[in-house]
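K.L.:
Got a structure for you, final.pdb, holding PDB, C-alpha atoms and all ligand atoms.
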ATOM      1  CA  MET H 802      20.553  57.045 -14.009  1.00  0.00           C
ATOM      2  CA  ILE H 803      17.529  58.596 -15.677  1.00  0.00           C
ATOM      3  CA  VAL H 804      19.471  59.621 -18.795  1.00  0.00           C
ATOM      4  CA  PRO H 805      19.684  56.091 -20.326  1.00  0.00           C
ATOM      5  CA  PHE H 806      15.900  55.695 -19.941  1.00  0.00           C
ATOM      6  CA  ILE H 807      15.257  59.002 -21.684  1.00  0.00           C
ATOM      7  CA  LYS H 808      17.662  58.010 -24.458  1.00  0.00           C
ATOM      8  CA  GLY H 809      15.945  54.646 -24.829  1.00  0.00           C
ATOM      9  CA  PHE H 810      12.428  56.086 -24.989  1.00  0.00           C
ATOM     10  CA  ALA H 811      13.581  58.786 -27.391  1.00  0.00           C
ATOM     11  CA  ASN H 812      14.991  56.091 -29.671  1.00  0.00           C
ATOM     12  CA  THR H 813      11.748  54.100 -29.538  1.00  0.00           C
ATOM     13  CA  PHE H 814       9.655  57.201 -30.149  1.00  0.00           C
ATOM     14  CA  LYS H 815      11.815  58.148 -33.141  1.00  0.00           C
ATOM     15  CA  HIS H 816      11.186  54.806 -34.843  1.00  0.00           C
ATOM     16  CA  MET H 817       7.417  54.840 -34.224  1.00  0.00           C
ATOM     17  CA  PHE H 818       6.901  57.209 -37.156  1.00  0.00           C
ATOM     18  CA  ARG H 819       9.229  55.541 -39.631  1.00  0.00           C
ATOM     19  CA  LYS H 820       8.038  53.252 -42.399  1.00  0.00           C
ATOM     20  CA  PRO H 821       8.367  49.627 -41.200  1.00  0.00           C
ATOM     21  CA  ILE H 822      10.920  47.532 -43.092  1.00  0.00           C
ATOM     22  CA  SER H 823       9.397  44.190 -42.068  1.00  0.00           C
ATOM     23  CA  VAL H 824       6.972  42.369 -44.404  1.00  0.00           C
ATOM     24  CA  ASN H 825       4.014  40.122 -43.708  1.00  0.00           C
ATOM     25  CA  TYR H 826       5.761  36.904 -44.752  1.00  0.00           C
ATOM     26  CA  PRO H 827       4.732  34.429 -46.194  1.00  0.00           C
ATOM     27  CA  ASP H 828       1.771  36.347 -47.660  1.00  0.00           C
ATOM     28  CA  GLU H 829       4.168  39.066 -48.711  1.00  0.00           C
ATOM     29  CA  LYS H 830       7.447  38.002 -50.339  1.00  0.00           C
ATOM     30  CA  VAL H 831      10.767  39.734 -49.966  1.00  0.00           C
ATOM     31  CA  PRO H 832      12.024  40.952 -53.372  1.00  0.00           C
ATOM     32  CA  THR H 833      15.393  39.467 -54.305  1.00  0.00           C
ATOM     33  CA  PHE H 834      18.368  41.334 -55.660  1.00  0.00           C
ATOM     34  CA  PRO H 835      18.833  41.029 -59.465  1.00  0.00           C
ATOM     35  CA  ARG H 836      21.898  38.789 -59.097  1.00  0.00           C
ATOM     36  CA  TYR H 837      20.442  36.611 -56.333  1.00  0.00           C
ATOM     37  CA  ARG H 838      21.065  32.906 -56.933  1.00  0.00           C
ATOM     38  CA  GLY H 839      18.319  30.622 -55.673  1.00  0.00           C
ATOM     39  CA  LYS H 840      16.992  27.222 -56.674  1.00  0.00           C
ATOM     40  CA  GLN H 841      18.015  26.216 -60.196  1.00  0.00           C
ATOM     41  CA  VAL H 842      15.572  26.069 -63.108  1.00  0.00           C
ATOM     42  CA  LEU H 843      15.828  23.682 -66.069  1.00  0.00           C
ATOM     43  CA  MET H 844      14.609  25.421 -69.207  1.00  0.00           C
ATOM     44  CA  ARG H 845      12.543  24.442 -72.235  1.00  0.00           C
ATOM     45  CA  ASP H 846      13.001  25.676 -75.801  1.00  0.00           C
ATOM     46  CA  GLU H 847      10.457  27.636 -77.845  1.00  0.00           C
ATOM     47  CA  ASN H 848       8.724  24.375 -78.800  1.00  0.00           C
ATOM     48  CA  GLY H 849       8.305  23.292 -75.196  1.00  0.00           C
ATOM     49  CA  LEU H 850      11.035  20.627 -75.415  1.00  0.00           C
ATOM     50  CA  GLU H 851      13.698  20.254 -72.739  1.00  0.00           C
ATOM     51  CA  LYS H 852      16.888  22.184 -73.495  1.00  0.00           C
ATOM     52  CA  CYS H 853      19.228  19.943 -71.503  1.00  0.00           C
ATOM     53  CA  VAL H 854      21.290  17.666 -73.776  1.00  0.00           C
ATOM     54  CA  ALA H 855      22.663  15.642 -70.845  1.00  0.00           C
ATOM     55  CA  CYS H 856      26.279  16.544 -71.599  1.00  0.00           C
ATOM     56  CA  GLY H 857      27.181  16.515 -67.907  1.00  0.00           C
ATOM     57  CA  LEU H 858      29.298  19.670 -68.012  1.00  0.00           C
ATOM     58  CA  CYS H 859      27.312  21.196 -65.141  1.00  0.00           C
ATOM     59  CA  ALA H 860      28.058  18.158 -62.979  1.00  0.00           C
ATOM     60  CA  VAL H 861      31.771  18.389 -63.831  1.00  0.00           C
ATOM     61  CA  ALA H 862      31.850  22.109 -63.040  1.00  0.00           C
ATOM     62  CA  CYS H 863      30.015  21.735 -59.745  1.00  0.00           C
ATOM     63  CA  PRO H 864      32.538  22.178 -56.900  1.00  0.00           C
ATOM     64  CA  ALA H 865      30.188  20.594 -54.385  1.00  0.00           C
ATOM     65  CA  ASP H 866      29.447  17.423 -56.391  1.00  0.00           C
ATOM     66  CA  ALA H 867      25.765  18.236 -56.019  1.00  0.00           C
ATOM     67  CA  ILE H 868      24.536  17.283 -59.503  1.00  0.00           C
ATOM     68  CA  TYR H 869      23.734  13.763 -60.657  1.00  0.00           C
ATOM     69  CA  LEU H 870      22.243  12.967 -64.042  1.00  0.00           C
ATOM     70  CA  GLU H 871      21.635  10.006 -66.299  1.00  0.00           C
ATOM     71  CA  ALA H 872      21.393  10.413 -70.065  1.00  0.00           C
ATOM     72  CA  ALA H 873      18.977   8.525 -72.291  1.00  0.00           C
ATOM     73  CA  GLU H 874      18.306   8.265 -76.015  1.00  0.00           C
ATOM     74  CA  ASN H 875      15.672  10.665 -77.191  1.00  0.00           C
ATOM     75  CA  ASN H 876      12.943   9.959 -79.737  1.00  0.00           C
ATOM     76  CA  GLY H 877      12.235  13.634 -80.390  1.00  0.00           C
ATOM     77  CA  THR H 878       9.364  13.969 -77.971  1.00  0.00           C
ATOM     78  CA  VAL H 879      11.389  15.148 -74.963  1.00  0.00           C
ATOM     79  CA  GLN H 880      14.318  17.007 -76.475  1.00  0.00           C
ATOM     80  CA  ALA H 881      15.227  18.302 -79.933  1.00  0.00           C
ATOM     81  CA  GLY H 882      18.582  16.459 -79.958  1.00  0.00           C
ATOM     82  CA  PRO H 883      19.513  12.772 -79.705  1.00  0.00           C
ATOM     83  CA  ARG H 884      19.954  12.683 -75.895  1.00  0.00           C
ATOM     84  CA  TYR H 885      18.173  14.058 -72.892  1.00  0.00           C
ATOM     85  CA  ALA H 886      18.555  13.828 -69.135  1.00  0.00           C
ATOM     86  CA  GLU H 887      16.290  10.998 -68.061  1.00  0.00           C
ATOM     87  CA  LEU H 888      17.347  11.671 -64.483  1.00  0.00           C
ATOM     88  CA  TYR H 889      18.547  15.050 -63.269  1.00  0.00           C
ATOM     89  CA  GLN H 890      19.058  15.680 -59.590  1.00  0.00           C
ATOM     90  CA  ILE H 891      20.567  18.416 -57.441  1.00  0.00           C
ATOM     91  CA  HIS H 892      21.331  17.679 -53.816  1.00  0.00           C
ATOM     92  CA  LYS H 893      20.148  20.800 -52.038  1.00  0.00           C
ATOM     93  CA  THR H 894      22.219  20.350 -48.889  1.00  0.00           C
ATOM     94  CA  ARG H 895      25.380  20.144 -50.984  1.00  0.00           C
ATOM     95  CA  CYS H 896      24.650  23.019 -53.355  1.00  0.00           C
ATOM     96  CA  ILE H 897      26.406  26.239 -52.405  1.00  0.00           C
ATOM     97  CA  PHE H 898      24.545  28.281 -55.057  1.00  0.00           C
ATOM     98  CA  CYS H 899      27.764  29.341 -56.737  1.00  0.00           C
ATOM     99  CA  GLY H 900      26.204  29.383 -60.211  1.00  0.00           C
ATOM    100  CA  TYR H 901      29.002  27.407 -61.889  1.00  0.00           C
ATOM    101  CA  CYS H 902      26.445  24.978 -63.347  1.00  0.00           C
ATOM    102  CA  GLU H 903      24.730  27.854 -65.118  1.00  0.00           C
ATOM    103  CA  GLU H 904      28.042  29.143 -66.475  1.00  0.00           C
ATOM    104  CA  ALA H 905      29.156  25.694 -67.653  1.00  0.00           C
ATOM    105  CA  CYS H 906      26.007  24.826 -69.598  1.00  0.00           C
ATOM    106  CA  PRO H 907      26.657  25.146 -73.357  1.00  0.00           C
ATOM    107  CA  VAL H 908      22.969  25.366 -74.293  1.00  0.00           C
ATOM    108  CA  SER H 909      21.647  27.645 -71.518  1.00  0.00           C
ATOM    109  CA  ALA H 910      19.518  24.832 -70.152  1.00  0.00           C
ATOM    110  CA  ILE H 911      20.029  25.614 -66.479  1.00  0.00           C
ATOM    111  CA  PHE H 912      19.643  28.925 -64.708  1.00  0.00           C
ATOM    112  CA  MET H 913      19.893  30.033 -61.136  1.00  0.00           C
ATOM    113  CA  GLY H 914      16.331  30.938 -60.192  1.00  0.00           C
ATOM    114  CA  LYS H 915      14.997  33.299 -57.542  1.00  0.00           C
ATOM    115  CA  ASP H 916      13.264  30.807 -55.244  1.00  0.00           C
ATOM    116  CA  TYR H 917      14.579  31.138 -51.698  1.00  0.00           C
ATOM    117  CA  GLU H 918      11.937  29.071 -49.895  1.00  0.00           C
ATOM    118  CA  LEU H 919      14.084  25.979 -49.666  1.00  0.00           C
ATOM    119  CA  ALA H 920      13.333  24.583 -46.209  1.00  0.00           C
ATOM    120  CA  VAL H 921      12.026  21.021 -45.992  1.00  0.00           C
ATOM    121  CA  TYR H 922      10.657  18.874 -43.179  1.00  0.00           C
ATOM    122  CA  SER H 923      12.203  15.544 -44.144  1.00  0.00           C
ATOM    123  CA  ASN H 924      15.559  14.280 -45.380  1.00  0.00           C
ATOM    124  CA  GLN H 925      13.544  12.567 -48.134  1.00  0.00           C
ATOM    125  CA  ASP H 926      13.154  16.028 -49.661  1.00  0.00           C
ATOM    126  CA  PHE H 927      16.856  16.862 -49.810  1.00  0.00           C
ATOM    127  CA  ILE H 928      17.028  16.199 -53.561  1.00  0.00           C
ATOM    128  CA  TRP H 929      15.481  18.273 -56.318  1.00  0.00           C
ATOM    129  CA  ASP H 930      14.587  16.249 -59.389  1.00  0.00           C
ATOM    130  CA  LYS H 931      13.100  17.216 -62.728  1.00  0.00           C
ATOM    131  CA  THR H 932       9.593  17.506 -61.313  1.00  0.00           C
ATOM    132  CA  GLU H 933      10.849  20.428 -59.229  1.00  0.00           C
ATOM    133  CA  LEU H 934      13.563  21.867 -61.479  1.00  0.00           C
ATOM    134  CA  LEU H 935      12.053  21.713 -64.956  1.00  0.00           C
ATOM    135  CA  VAL H 936       9.760  24.558 -65.977  1.00  0.00           C
ATOM    136  CA  ALA H 937       6.247  23.363 -66.697  1.00  0.00           C
ATOM    137  CA  ALA H 938       5.462  22.341 -70.264  1.00  0.00           C
ATOM    138  CA  PRO H 939       3.190  24.765 -72.132  1.00  0.00           C
ATOM    139  CA  GLY H 940      -0.417  24.172 -71.162  1.00  0.00           C
ATOM    140  CA  THR H 941       0.343  22.334 -67.930  1.00  0.00           C
ATOM    141  CA  PRO H 942       0.203  23.751 -64.411  1.00  0.00           C
ATOM    142  CA  PRO H 943       3.499  24.362 -62.561  1.00  0.00           C
ATOM    143  CA  ALA H 944       4.757  21.381 -60.539  1.00  0.00           C
ATOM    144  CA  SER H 945       3.817  23.120 -57.290  1.00  0.00           C
ATOM    145  CA  GLN H 946       0.181  23.304 -58.431  1.00  0.00           C
ATOM    146  CA  ALA H 947       0.122  19.837 -59.969  1.00  0.00           C
ATOM    147  CA  ARG H 948       0.713  18.110 -56.636  1.00  0.00           C
TER     148      ARG H 948
HETATM  149  S1  LIG R   1      25.067  26.260 -57.926  1.00  0.00           S
HETATM  150 FE1  LIG R   1      27.195  25.538 -57.696  1.00  0.00          FE
HETATM  151  S2  LIG R   1      27.092  24.049 -56.044  1.00  0.00           S
HETATM  152 FE2  LIG R   1      24.980  24.364 -56.736  1.00  0.00          FE
HETATM  153  S3  LIG R   1      24.637  22.745 -58.252  1.00  0.00           S
HETATM  154 FE3  LIG R   1      25.335  24.568 -59.366  1.00  0.00          FE
HETATM  155  S4  LIG R   1      27.576  24.320 -59.546  1.00  0.00           S
HETATM  156 FE4  LIG R   1      26.855  22.914 -57.941  1.00  0.00          FE
HETATM  157  S1  LIG R   2      22.071  21.363 -67.767  1.00  0.00           S
HETATM  158 FE1  LIG R   2      23.426  22.025 -69.433  1.00  0.00          FE
HETATM  159  S2  LIG R   2      25.499  21.450 -68.761  1.00  0.00           S
HETATM  160 FE2  LIG R   2      24.053  20.301 -67.480  1.00  0.00          FE
HETATM  161  S3  LIG R   2      23.819  18.335 -68.544  1.00  0.00           S
HETATM  162 FE3  LIG R   2      22.158  19.690 -69.248  1.00  0.00          FE
HETATM  163  S4  LIG R   2      22.978  20.629 -71.120  1.00  0.00           S
HETATM  164 FE4  LIG R   2      24.744  19.768 -70.033  1.00  0.00          FE
END
Represent the structure of the file as structure tokens.
Ligand code: SF4
Ligand code: SF4
P.N.:
Amino acid sequence: MIVPFIKGFANTFKHMFRKPISVNYPDEKVPTFPRYRGKQVLMRDENGLEKCVACGLCAVACPADAIYLEAAENNGTVQAGPRYAELYQIHKTRCIFCGYCEEACPVSAIFMGKDYELAVYSNQDFIWDKTELLVAAPGTPPASQAR
């Protein structure tokens, strides 16, 4: 009867001197694996213009029907080409983070990012739009700091 107790205490004692594997989250973040697929990021080109040409291939490739976008004519101030995505949304409860949108994009405008802090408190926040997906324009604070 005493043997299980001794085994248990010995196990506890053994772990007391090992390096802890827990981190002080959220002050300390857990590093992600190189191929981790988190929240998507919409990219800008070297001139700070949006790379997305609103072709819709990502939406077609998406197996979860999570992407919705609306194209608009561009006057050169938003995108280098003739069209840009006036509206670009990803439904976060549908997305399965497969990465097909990234693979389908012909201009490398969308990438799977590393952000894993995706919990929200309201169903109003179930959709990511460009304010959350698009990288900040040069000289402007990131969207998270602008709010
Ligand atoms: S990661 Fe997959 S499921 Fe999510 S938006 Fe892209 S294609 Fe759709
Ligand atoms: S993100 Fe890429 S694939 Fe999707 S609409 Fe924009 S350019 Fe096309």
K.L.:
Report as a tab-separated table (two decimals) with C-alpha atoms, in the frame of the given file the residues that result from applying the PyMOL selection byres (((chain H and resi 913) around 7) and not hetatm) to the structure here.
P.N.:
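Generated file (part-v8.tsv):
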chain	number	residue	atom	x	y	z
H	838	ARG	CA	21.06	32.91	-56.93
H	839	GLY	CA	18.32	30.62	-55.67
H	840	LYS	CA	16.99	27.22	-56.67
H	841	GLN	CA	18.02	26.22	-60.20
H	842	VAL	CA	15.57	26.07	-63.11
H	900	GLY	CA	26.20	29.38	-60.21
H	903	GLU	CA	24.73	27.85	-65.12
H	911	ILE	CA	20.03	25.61	-66.48
H	912	PHE	CA	19.64	28.92	-64.71
H	914	GLY	CA	16.33	30.94	-60.19
H	915	LYS	CA	15.00	33.30	-57.54
K.L.:
Which residues match the PyMOL selection byres (((not hetatm)) within 8 of (chain R and resi 2)) in the file above, as a list in words?
P.N.:
Leu843, Lys852, Cys853, Val854, Ala855, Cys856, Gly857, Leu858, Cys859, Ala860, Leu870, Tyr885, Ala886, Cys902, Glu903, Ala905, Cys906, Pro907, Val908, Ser909, Ala910 and Ile911 of chain H
K.L.:
What are the centre and the three edge lengths of an axis-aligned box that wraps all atoms of ligand LIG 1 (chain R) in the file, given that 3 Å is added to every side, written as AutoDock Vina command-line options and rounded to one decimal in Å?
P.N.:
--center_x 26.1 --center_y 24.5 --center_z -57.8 --size_x 8.9 --size_y 9.5 --size_z 9.5
K.L.:
Per residue of chain H within 7 Å of ligand LIG 1 (chain R), note the shortest atom pair and the distance in Å to one decimal, counting all atoms listed in the file, and order the rows by chain and increasing residue number, as a tab-separated table.
P.N.:
residue	atom	partner	partner_atom	distance
H:Cys859	CA	R:LIG1	S4	6.4
H:Ala862	CA	R:LIG1	S4	5.9
H:Cys863	CA	R:LIG1	S4	3.6
H:Pro864	CA	R:LIG1	S2	5.8
H:Ala865	CA	R:LIG1	S2	4.9
H:Asp866	CA	R:LIG1	FE4	6.3
H:Ala867	CA	R:LIG1	S3	5.2
H:Ile868	CA	R:LIG1	S3	5.6
H:Ile891	CA	R:LIG1	S3	6.0
H:Arg895	CA	R:LIG1	S2	6.6
H:Cys896	CA	R:LIG1	FE2	3.7
H:Ile897	CA	R:LIG1	S2	4.3
H:Phe898	CA	R:LIG1	S1	3.5
H:Cys899	CA	R:LIG1	FE1	4.0
H:Gly900	CA	R:LIG1	S1	4.0
H:Tyr901	CA	R:LIG1	S4	4.1
H:Cys902	CA	R:LIG1	S4	4.0
H:Glu903	CA	R:LIG1	FE3	6.7
K.L.:
CA of Asp930 in chain H and CA of Tyr889 in chain H, how far apart in Å?
P.N.:
5.7 Å
K.L.:
Of the residues H:Arg884, H:His816, H:Lys893, H:Lys830, which is the one nearest to Tyr869 in chain H, using only C-alpha atoms?
P.N.:
H:Lys893
K.L.:
Between CA of Leu935 in chain H and CA of Gly877 in chain H, what is the spacing in Å?
P.N.:
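These atoms are spaced 17.4 Å apart.
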K.L.:
To one decimal place, how far is CA of Gln880 in chain H from CA of Ile928 in chain H in Å?
P.N.:
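These two atoms are separated by 23.1 Å.
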K.L.:
Pick the closest to Leu934 in chain H from H:Leu919, H:Met844, H:Ile807, H:Met817: which is it, counting only C-alpha atoms?
P.N.:
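Checking each of H:Leu919, H:Met844, H:Ile807, H:Met817 against Leu934 in chain H, counting only C-alpha atoms, the winner is H:Met844.
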K.L.:
Using only C-alpha atoms, which of H:Asp916, H:Val861, H:Asn848, H:Ala873 sits nearest Phe834 in chain H?
P.N.:
H:Asp916
K.L.:
Neighbourhood query: residues within 12 Å of (0.5, 25.1, -74.1), file coordinates, counting all atoms listed in the file; return as a tab-separated table (two decimals) with C-alpha atoms, in the frame of the given file.
P.N.:
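So selection14.tsv came out as:
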chain	number	residue	atom	x	y	z
H	847	GLU	CA	10.46	27.64	-77.84
H	848	ASN	CA	8.72	24.38	-78.80
H	849	GLY	CA	8.30	23.29	-75.20
H	850	LEU	CA	11.04	20.63	-75.42
H	937	ALA	CA	6.25	23.36	-66.70
H	938	ALA	CA	5.46	22.34	-70.26
H	939	PRO	CA	3.19	24.76	-72.13
H	940	GLY	CA	-0.42	24.17	-71.16
H	941	THR	CA	0.34	22.33	-67.93
H	942	PRO	CA	0.20	23.75	-64.41
H	943	PRO	CA	3.50	24.36	-62.56
